[in-house]
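Trainee: Dropping a structure here in structure tokens format, bear with me for questions.
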Amino acid sequence: MNAAVPAETSATAGKLNTRAAMLVALAVFAQESVWNFYDAQVPASIAQYTTSAALIGLLMGVDNALGIVLQPLVGHLSDRTRTRWGRRVPYLVVGAPVAAVFFVLIPHTGSLGALVVCMFLFAVVANAFKPLTDALTPDFQVPQRRSLANGIAKVATSLTIIVSALISLLVVDRSLGLAFAIPAVLMVCAMVIVALTIRETRSPGYRRALADGRSGGGGGWSFRRVVGELVHDPDHSRIFLLLGIVATAGTWAAMRSQLTPYAMEVLGLSRGEAGSLTLPAGVAFVAAAVPLSFVSDRAGRRRMIRLGLVVMVVGCLVAFSVTSLPVTITGIVIASFGYAAFSVNGVVLMWNLAPSGAVTGAYSGLYAVAAAVGASAGPALIGGLVDLTDWRYLFLHSSMVGVAALGLFLLVRREISSGQLAEGGRA
């Protein structure tokens with residue numbers, strides 16, 4: 001396989017491709033702006049037709065269910081795509097405007113049935129290309145700098161929360177249709193800019209894929225083989241990694257989704273005050289992401305994730321220790337710092353443990369599936385434990401799941417596969 005590695009890969013080993021990192025961050029920012037606004041405002045649109053919280057939750061969970069099916073398959077399909085635009089970019093260029101059309105139609109539907117159809121079509125298209133923006137990072141970046149590149153993208157993701165909140169605050173009450181149109185237009189414009197400037201066909205990942213195709217090395221990665229190779233991994237590091245992602249994502253999703261009712265029930269805050277408690281955590285995440293990614297590229301991803309999970313558990317225990325607003329905020333901020341260490345490194349471990357750069361799209365999809373399963377199951381599990389005890393114990397239950405996540409990450413024994421090591425140099 002070494003003979004197929006492009007000359008520029010070894011020449012640029014250890015260097016961050018800053019231009020590519022910023023363009024990927026732009027694509028992630030545009031994509032996540034739409035999803036954040038979707039999560040913030042679509043439940044209110046559904047509530048115009050039903051008072052059932054269960055039905056609202058069920059319909060809002062459709063995107064996670066579709067993602068579990070679509071994302072690894074489309075990621076694998078992109079791994080095998082070869083065009084003059086590259087292998088990821090064509091899906092972004094086609095998918096973004098189609099998804100934008102269905103997204104813009106959501107506030108203009110006149111019935112629950114029409115709303116559900118638009119939601120479903122948007123979720124299908126948007127989920128199909130959602131992991132491909134992430135997959136551009138390992139295509140352009142050597143293993144040594146993927147945490148830093150992903151940290152830049154995570155900052156962009158965090159900023160979308162602010163953008164979504166501003167659109168909701170300044171535009172929704174004036175014109176709901178315009179409010180939905182703004183993130184849709186941002187997404188399309190950003191994807192066009194990325195498509196015209198990123199030059200995916202010049203990436204080391206794409207050139208390796210072409211070289212593998214000519215030598216016959218890349219054509220044998222069917223999706224069945226990708227999954228089979230993962231399951232039969234001798235030390236099961238990838239399986240433990242996926243389970244650790246499920247547990248960590250579940251812990252964080254439960255804390256975020258149930259923080260508002262916790263603050264209302266335990267701290268006695270109003271709904272508006274309780275809903276604002278996520279802001280300090282968001283600011284802490286933005287402040288921590290890039291510094292943590294710098295350290296991770298030098299100290300190792302597994303070590304940083306393990307330390308991050310310890311910090312997250314400590315944050316949960318701090319928030320549990322005393323039922324006061326300052327202590328709760330302090331605990332949430334500490335937990336956010338810990339979660340940031342996982343967020344910038346989790347998908348990087350997936351890319352680096354992939355058996356070959358030819359399957360990073362499929363592995364991006366597998367990461368997205370694990371995160372989606374955790375985001376769905378975590379709130380349900382921890383919410384069930386709260387039902388058996390009391391809201392007072394929310395953070396204690398969250399810390400227990402966090403400890404389970406730490407145990408799973410302790411069983412991840414490798415940082416990089418032999419295939420990625422050969423393609424990207426020493427980690």
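How things are named: the first chain in the structure tokens is A, the next is B, and so on; residues count from 1 in each chain; ligands count from 1 in the order shown.
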Write out as a list in words each polymer residue whose atoms come within 6 Å of stretch 310-314 of chain A, counting only C-alpha atoms; drop sequence neighbours fewer than 5 positions from it.

Mentor: Ala335, Gly338, Ser399 and Gly402 of chain A

Trainee: Return as a PyMOL selection string the full set of residues in stretch 304-419 of chain A whose backbone-based DSSP assignment is alpha helix (DSSP H).

Mentor: chain A and resi 304-321+325-343+346-353+360-388+394-410+418-419

Trainee: Could you pull the residues within 8 Å of A:Ala249, counting only C-alpha atoms, minus those fewer than 6 positions along the same chain, as a ChimeraX atom specification?

Mentor: /A:371-372,374-375,378

Trainee: Need the shell around A:Gly151: protein/DNA/RNA residues with any atom at most 6 Å away, counting only C-alpha atoms. Skip same-chain ones fewer than 3 positions apart. Format as a list in words?

Mentor: Ser147, Leu148, Lys154, Ala289, Val290, Ser293 and Val344 of chain A

Trainee: Which neighbours of stretch 32-39 of chain A fall inside 8 Å, counting only C-alpha atoms, when residues of the same chain fewer than 2 positions from it are skipped, and could you give them as a PDB file with all heavy atoms, in the first residue's frame?

Mentor:
ATOM      1  N   VAL A  28     -19.675  22.844   7.711  1.00  0.00           N
ATOM      2  CA  VAL A  28     -20.292  22.350   8.943  1.00  0.00           C
ATOM      3  C   VAL A  28     -21.173  23.427   9.570  1.00  0.00           C
ATOM      4  O   VAL A  28     -22.294  23.157  10.030  1.00  0.00           O
ATOM      5  CB  VAL A  28     -19.204  21.894   9.932  1.00  0.00           C
ATOM      6  CG1 VAL A  28     -19.804  21.614  11.309  1.00  0.00           C
ATOM      7  CG2 VAL A  28     -18.504  20.651   9.401  1.00  0.00           C
ATOM      8  N   PHE A  29     -20.686  24.668   9.589  1.00  0.00           N
ATOM      9  CA  PHE A  29     -21.461  25.777  10.148  1.00  0.00           C
ATOM     10  C   PHE A  29     -22.794  25.929   9.428  1.00  0.00           C
ATOM     11  O   PHE A  29     -23.850  26.042  10.067  1.00  0.00           O
ATOM     12  CB  PHE A  29     -20.659  27.071  10.039  1.00  0.00           C
ATOM     13  CG  PHE A  29     -21.419  28.293  10.465  1.00  0.00           C
ATOM     14  CD1 PHE A  29     -21.498  28.629  11.800  1.00  0.00           C
ATOM     15  CD2 PHE A  29     -22.056  29.095   9.529  1.00  0.00           C
ATOM     16  CE1 PHE A  29     -22.205  29.762  12.208  1.00  0.00           C
ATOM     17  CE2 PHE A  29     -22.760  30.218   9.923  1.00  0.00           C
ATOM     18  CZ  PHE A  29     -22.841  30.553  11.262  1.00  0.00           C
ATOM     19  N   ALA A  30     -22.758  25.922   8.088  1.00  0.00           N
ATOM     20  CA  ALA A  30     -23.988  26.091   7.315  1.00  0.00           C
ATOM     21  C   ALA A  30     -24.953  24.939   7.550  1.00  0.00           C
ATOM     22  O   ALA A  30     -26.168  25.136   7.742  1.00  0.00           O
ATOM     23  CB  ALA A  30     -23.648  26.210   5.837  1.00  0.00           C
ATOM     24  N   GLN A  41     -37.372  25.141  16.170  1.00  0.00           N
ATOM     25  CA  GLN A  41     -38.652  25.693  15.734  1.00  0.00           C
ATOM     26  C   GLN A  41     -39.660  24.690  15.172  1.00  0.00           C
ATOM     27  O   GLN A  41     -40.858  24.960  15.195  1.00  0.00           O
ATOM     28  CB  GLN A  41     -38.399  26.781  14.674  1.00  0.00           C
ATOM     29  CG  GLN A  41     -37.706  28.014  15.211  1.00  0.00           C
ATOM     30  CD  GLN A  41     -38.529  28.711  16.284  1.00  0.00           C
ATOM     31  OE1 GLN A  41     -39.762  28.669  16.284  1.00  0.00           O
ATOM     32  NE2 GLN A  41     -37.848  29.359  17.223  1.00  0.00           N
ATOM     33  N   VAL A  42     -39.204  23.564  14.680  1.00  0.00           N
ATOM     34  CA  VAL A  42     -40.160  22.598  14.108  1.00  0.00           C
ATOM     35  C   VAL A  42     -41.097  22.032  15.169  1.00  0.00           C
ATOM     36  O   VAL A  42     -42.283  21.815  14.884  1.00  0.00           O
ATOM     37  CB  VAL A  42     -39.414  21.491  13.337  1.00  0.00           C
ATOM     38  CG1 VAL A  42     -40.366  20.361  12.949  1.00  0.00           C
ATOM     39  CG2 VAL A  42     -38.772  22.074  12.082  1.00  0.00           C
ATOM     40  N   PRO A  43     -40.629  21.750  16.413  1.00  0.00           N
ATOM     41  CA  PRO A  43     -41.600  21.290  17.419  1.00  0.00           C
ATOM     42  C   PRO A  43     -42.773  22.245  17.598  1.00  0.00           C
ATOM     43  O   PRO A  43     -43.919  21.807  17.794  1.00  0.00           O
ATOM     44  CB  PRO A  43     -40.753  21.187  18.702  1.00  0.00           C
ATOM     45  CG  PRO A  43     -39.373  20.947  18.215  1.00  0.00           C
ATOM     46  CD  PRO A  43     -39.255  21.742  16.946  1.00  0.00           C
ATOM     47  N   MET A  60     -40.144  14.297  15.954  1.00  0.00           N
ATOM     48  CA  MET A  60     -38.824  14.916  15.994  1.00  0.00           C
ATOM     49  C   MET A  60     -37.703  13.878  16.037  1.00  0.00           C
ATOM     50  O   MET A  60     -36.549  14.192  15.759  1.00  0.00           O
ATOM     51  CB  MET A  60     -38.702  15.849  17.200  1.00  0.00           C
ATOM     52  CG  MET A  60     -39.524  17.115  17.086  1.00  0.00           C
ATOM     53  SD  MET A  60     -39.110  18.110  15.626  1.00  0.00           S
ATOM     54  CE  MET A  60     -37.415  18.581  15.986  1.00  0.00           C
ATOM     55  N   THR A 157     -19.629  24.475  14.779  1.00  0.00           N
ATOM     56  CA  THR A 157     -20.878  23.849  15.209  1.00  0.00           C
ATOM     57  C   THR A 157     -21.472  24.574  16.408  1.00  0.00           C
ATOM     58  O   THR A 157     -22.686  24.828  16.471  1.00  0.00           O
ATOM     59  CB  THR A 157     -20.632  22.376  15.560  1.00  0.00           C
ATOM     60  OG1 THR A 157     -20.137  21.687  14.412  1.00  0.00           O
ATOM     61  CG2 THR A 157     -21.913  21.703  16.030  1.00  0.00           C
ATOM     62  N   THR A 160     -23.294  27.821  15.717  1.00  0.00           N
ATOM     63  CA  THR A 160     -24.628  27.731  15.109  1.00  0.00           C
ATOM     64  C   THR A 160     -25.735  27.856  16.148  1.00  0.00           C
ATOM     65  O   THR A 160     -26.838  28.278  15.823  1.00  0.00           O
ATOM     66  CB  THR A 160     -24.799  26.407  14.334  1.00  0.00           C
ATOM     67  OG1 THR A 160     -24.699  25.296  15.248  1.00  0.00           O
ATOM     68  CG2 THR A 160     -23.749  26.269  13.253  1.00  0.00           C
ATOM     69  N   ILE A 161     -25.451  27.467  17.384  1.00  0.00           N
ATOM     70  CA  ILE A 161     -26.451  27.625  18.449  1.00  0.00           C
ATOM     71  C   ILE A 161     -26.774  29.097  18.631  1.00  0.00           C
ATOM     72  O   ILE A 161     -27.940  29.487  18.794  1.00  0.00           O
ATOM     73  CB  ILE A 161     -25.931  27.009  19.756  1.00  0.00           C
ATOM     74  CG1 ILE A 161     -25.661  25.508  19.584  1.00  0.00           C
ATOM     75  CG2 ILE A 161     -26.909  27.246  20.901  1.00  0.00           C
ATOM     76  CD1 ILE A 161     -24.976  24.867  20.779  1.00  0.00           C
ATOM     77  N   VAL A 163     -26.349  31.487  16.314  1.00  0.00           N
ATOM     78  CA  VAL A 163     -27.046  31.957  15.106  1.00  0.00           C
ATOM     79  C   VAL A 163     -28.517  31.581  15.151  1.00  0.00           C
ATOM     80  O   VAL A 163     -29.403  32.402  14.876  1.00  0.00           O
ATOM     81  CB  VAL A 163     -26.373  31.389  13.844  1.00  0.00           C
ATOM     82  CG1 VAL A 163     -27.205  31.702  12.601  1.00  0.00           C
ATOM     83  CG2 VAL A 163     -24.978  31.954  13.678  1.00  0.00           C
ATOM     84  N   SER A 164     -28.789  30.336  15.508  1.00  0.00           N
ATOM     85  CA  SER A 164     -30.183  29.879  15.590  1.00  0.00           C
ATOM     86  C   SER A 164     -30.966  30.686  16.617  1.00  0.00           C
ATOM     87  O   SER A 164     -32.114  31.079  16.375  1.00  0.00           O
ATOM     88  CB  SER A 164     -30.214  28.389  15.948  1.00  0.00           C
ATOM     89  OG  SER A 164     -31.525  27.935  16.141  1.00  0.00           O
ATOM     90  N   ALA A 165     -30.339  30.953  17.762  1.00  0.00           N
ATOM     91  CA  ALA A 165     -31.017  31.726  18.796  1.00  0.00           C
ATOM     92  C   ALA A 165     -31.307  33.147  18.325  1.00  0.00           C
ATOM     93  O   ALA A 165     -32.391  33.693  18.594  1.00  0.00           O
ATOM     94  CB  ALA A 165     -30.158  31.747  20.059  1.00  0.00           C
ATOM     95  N   SER A 168     -34.205  33.118  15.880  1.00  0.00           N
ATOM     96  CA  SER A 168     -35.454  32.926  16.627  1.00  0.00           C
ATOM     97  C   SER A 168     -35.868  34.208  17.328  1.00  0.00           C
ATOM     98  O   SER A 168     -37.046  34.589  17.338  1.00  0.00           O
ATOM     99  CB  SER A 168     -35.278  31.794  17.654  1.00  0.00           C
ATOM    100  OG  SER A 168     -35.083  30.557  17.017  1.00  0.00           O
ATOM    101  N   PHE A 180     -37.151  30.703   8.399  1.00  0.00           N
ATOM    102  CA  PHE A 180     -36.739  29.411   7.850  1.00  0.00           C
ATOM    103  C   PHE A 180     -35.875  29.602   6.603  1.00  0.00           C
ATOM    104  O   PHE A 180     -34.997  28.783   6.325  1.00  0.00           O
ATOM    105  CB  PHE A 180     -37.961  28.554   7.509  1.00  0.00           C
ATOM    106  CG  PHE A 180     -38.445  27.701   8.652  1.00  0.00           C
ATOM    107  CD1 PHE A 180     -39.256  28.237   9.648  1.00  0.00           C
ATOM    108  CD2 PHE A 180     -38.094  26.370   8.730  1.00  0.00           C
ATOM    109  CE1 PHE A 180     -39.699  27.462  10.706  1.00  0.00           C
ATOM    110  CE2 PHE A 180     -38.529  25.582   9.784  1.00  0.00           C
ATOM    111  CZ  PHE A 180     -39.341  26.129  10.779  1.00  0.00           C
ATOM    112  N   PRO A 183     -31.501  30.364   7.283  1.00  0.00           N
ATOM    113  CA  PRO A 183     -30.505  29.287   7.382  1.00  0.00           C
ATOM    114  C   PRO A 183     -30.433  28.432   6.123  1.00  0.00           C
ATOM    115  O   PRO A 183     -29.363  27.924   5.780  1.00  0.00           O
ATOM    116  CB  PRO A 183     -30.970  28.467   8.596  1.00  0.00           C
ATOM    117  CG  PRO A 183     -32.388  28.838   8.807  1.00  0.00           C
ATOM    118  CD  PRO A 183     -32.548  30.233   8.320  1.00  0.00           C
ATOM    119  N   ALA A 184     -31.564  28.301   5.397  1.00  0.00           N
ATOM    120  CA  ALA A 184     -31.542  27.521   4.154  1.00  0.00           C
ATOM    121  C   ALA A 184     -30.650  28.185   3.108  1.00  0.00           C
ATOM    122  O   ALA A 184     -29.849  27.517   2.439  1.00  0.00           O
ATOM    123  CB  ALA A 184     -32.966  27.356   3.620  1.00  0.00           C
ATOM    124  N   MET A 187     -27.012  27.838   4.037  1.00  0.00           N
ATOM    125  CA  MET A 187     -26.495  26.511   3.747  1.00  0.00           C
ATOM    126  C   MET A 187     -26.138  26.354   2.279  1.00  0.00           C
ATOM    127  O   MET A 187     -25.043  25.877   1.931  1.00  0.00           O
ATOM    128  CB  MET A 187     -27.513  25.437   4.149  1.00  0.00           C
ATOM    129  CG  MET A 187     -27.049  24.007   3.825  1.00  0.00           C
ATOM    130  SD  MET A 187     -28.187  22.737   4.394  1.00  0.00           S
ATOM    131  CE  MET A 187     -29.613  23.057   3.342  1.00  0.00           C
TER     132      MET A 187
END

Trainee: As an exercise, work out the distance from atom CA of A:Leu169 to atom CA of A:Leu112 in Å and give it to one decimal place.

Mentor: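 Interatomic distance, atom CA of A:Leu169 to atom CA of A:Leu112: 25.1 Å.
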
Trainee: Set out as a tab-separated table a contact list for stretch 255-362 of chain A and stretch 202-205 of chain A with a cut-off of 12 Å, giving each residue of stretch 255-362 of chain A that qualifies its closest atom pair and distance in Å to one decimal, counting only C-alpha atoms, ordered by chain and rising residue number.

Mentor:
residue	atom	partner	partner_atom	distance
A:Trp351	CA	A:Gly205	CA	11.9
A:Ser356	CA	A:Gly205	CA	10.0
A:Gly357	CA	A:Gly205	CA	6.4
A:Ala358	CA	A:Gly205	CA	7.6
A:Val359	CA	A:Gly205	CA	10.1
A:Thr360	CA	A:Gly205	CA	9.2
A:Gly361	CA	A:Gly205	CA	10.7

Trainee: Restricting the calculation to only C-alpha atoms: of A:Val104, A:Gly113, A:Val227, A:Glu200, which residue gets closest to A:Val185?

Mentor: A:Val104

Trainee: Provide the atom CA of A:Ile56 to atom CA of A:Phe103 distance in Å, to one decimal place.

Mentor: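 According to the coordinates, atom CA of A:Ile56 and atom CA of A:Phe103 are separated by 17.6 Å.
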
Trainee: Which neighbours of A:Phe223 fall inside 8 Å, counting only C-alpha atoms, when residues of the same chain fewer than 4 positions from it are skipped, and could you give them as a PyMOL selection string?

Mentor: chain A and resi 73+76+227+362

Trainee: Can you work out which one of A:Gly365, A:Gly244, A:Gly110, A:Pro234 has the shortest atom-to-atom distance to A:Gly346, counting only C-alpha atoms?

Mentor: A:Gly244

Trainee: Using only C-alpha atoms, find the one residue out of A:Gln48, A:Gln71, A:Thr83, A:Thr251 that sits nearest to A:Thr109.

Mentor: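 That would be A:Gln48, the residue with the smallest distance to A:Thr109.
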
Trainee: With distances taken over only C-alpha atoms, which of A:Asn17, A:Ser78, A:Asn64, A:Ser398 is nearest to A:Ser364?

Mentor: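 The shortest atom-to-atom distance to A:Ser364 comes from A:Ser78.
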
Trainee: So the first atom is atom CA of A:Val194 and the second is atom CA of A:Thr18; what is the distance between them in Å, to one decimal place?

Mentor: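 Computing it gives 13.9 Å between the two atoms.
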